[in-house]
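A short worksheet on the structure shown next.
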Amino acid sequence: MSLKTWITTLFRREVIAPLDKQILDAVRKHLSPEAQAIWDEQLRVLRRCQFFLGTEVNYYPASPDEPTIRFPHHPGEERRLAVVRFECHSTVYQARVYLVNGRLFSIEYSRDVRRIGNRRDVEVRVLSVELLSEPMYPDSPVSPRVVSDPSLFPVMGGWLADWISQHPVLEMAYPMDATERERWLHRRQLLLPDDYHELLKQCDGFTTGDVDVFGISSMYEVNFGEAIYWVLAGRGGGFIVAREGDERPRVYYFHHEEGAPSAEFTSFREALQYLIARPNLP
Amino acid sequence: MRHDLSTQRTLPRHQQELPFQCGWVGAVEAHLCEKSGFRPAHRVGWREQIIFYFALGHVSLFGIGEAAHSGRILAHGSGCCPHSCLLRSPARTRNSSGNITDRYSYDAWGNPIEQVGTTFNPFRWNAAYGYEWTPATGLYHVGAREYDPRTARWLQRDPIDAASGDPNLYRYCGNDPINAKDPSGQDWLDDAANFFAGWGDTLTFGLTAKIRQWMGVDSVVNRCSGWYRAGGAIGILHTTVLGGSLGYVRNARLAGLSRADPARIFVYGRRRGVEKVEVSHWIPQRYRWVPKRLMNSPLNTKYMWASEHAKNDPFRRQFLPRRWKDAHPAYPAWRQQLHRVPSSVTGGVAGMAAGWLSNWWNRLMFGEERCP
């Protein structure tokens, strides 16, 4: 054993906290043997862990360039791998495990786990593990055609044509085909306003330089407690989001400093106008 | 500048700086008396005795030990109570036995109305403010000017000229004798000189003091005076505001900027990633108790690139795609807090520290620690 390895071993702290380890073990049991081998290797090379707001844990290898055995995913792909429900001290928690670029990246809890996260004697009773996808298989690629030449932009109609005439667009993505679009929306359990559906039929998002509007291929999810929000548009620190599992089609305005949505809209266009009118954003 | 009035010479520096260390009335009381306008009339040796002209309802001069008897003592009196030393015109004089020897009365402008007794006493009407009665001329000598009670006029213009701030140079203390006094006839100038010297010395780390020394005019500044220290305090305030302003201006240059994101993954995997400058609030908007004006003021806001913002603020980070987070770990908590402090605040703190350091340096270099 080299001196460097010996010193590293001596001062090395456990990267994975006891609670996280139990969650990851519970997920591992549901993986295929091939996936388990990759999973174990990925856990072995983790050297760094970051903990945010008591609910989110991000894992990093020693260096971004360190070769990690990855699941065969597409570059940049984010995937919610599993949802684990567990009970601790009579409280039920939910932990969502995410893969990014084919590597274990984060666990996001539905409640603050600062009190229990690092306790070695923490006793967790796993209630359920829901594996949402098989990590050994890549998801179908979504790579829309993006153009920045206005002459190549898809033809717009309806409210979007009006809106774009007032806000020059720098680049735009061509729409996904209807089947693919429906499949993605169905998987995400999102009920979206009609005018956003109208937007998705005409393009898959665009940017004006001030506002970014996301389509199917670029929208992403953020967790706040029990709720999962999908980000549909962003400007500075303010966002238009849709909540997964909502029973009515609506979107919300959510500023990152607020900690909760501060306005609700049934029309995406109205939400977009509200986003642009917000002060305190550059 | 302090003068020994008995010899009319400028006292040596070490004596200037320790004029009231000892005294029968005690250093603090003596100091207060001096502040109230009483001047040391006679000094014997160094750190020994000081004799004050007092006007405390009775005329008294104080000394210590031998000096008390060998000095120019006109009459003994009881101990000085500095709080009651404030002004008044002596109405009677007592001898060393405490018996009243003389009585005086004046009109509102200082004209003697009645005098009983023959004890020589120039300290009568407004003596506490430095007015000395000159029987031969019937005038009051007040520092640099003469006052004629018969016409209620000064005979000379204010020696500090327009620096007094009063265009009428024949007036006294801006025509507000109730609230101001000027025993030397030019106190405003002295005070202003001390104040601005303190201010300048703090701003320049003592360079102005060095220049004064080089020009041979440093002796006009009394580093022990309250005005000098007040100037120093204003100097610190000045450096604080200056530092804060510079910090804010430097940071505000970022406002509204955007740049291409070379990794093209900041903006959600689009082909042309554009990274923008955002406003980071030190106290976040979810704290509703903070007034809006303060919330959006330079004291609470900082412009930073979106990627820096996300590395410094876990709440902002939460709104970024995981693929970005995977490539960009957050900063350690201590660094996050440090980065999020508004530039106006960090600049202000740096400016204040520089001001304090300058003050400390001045004390070290120019010996203010020897002040009483």
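A note on labels: chains of the structure tokens are A, B, ... as shown, every chain counts residues from 1, and ligands are counted from 1 in their shown order.
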What residues in chain B have any atom no more than 10 Å from chain A when counting only C-alpha atoms, and can you write them as number ranges by chain?
B: 255-258, 265, 267-281, 283-288, 295-296, 301, 303, 305-306, 309-310, 313-333
Need to verify the contact set: stretch 201-206 of chain B, 7 Å, only C-alpha atoms, exclusion of same-chain residues closer than 4 positions in sequence. Can you return it as a ChimeraX atom specification?
/B:197,210,232,235-236,239,355,358-359,361-362
Contacts of stretch 223-231 of chain B at 7 Å (only C-alpha atoms; same-chain gap of 2+ positions) as a PyMOL selection string:
chain B and resi 191+194-199+221+233-235+368+371
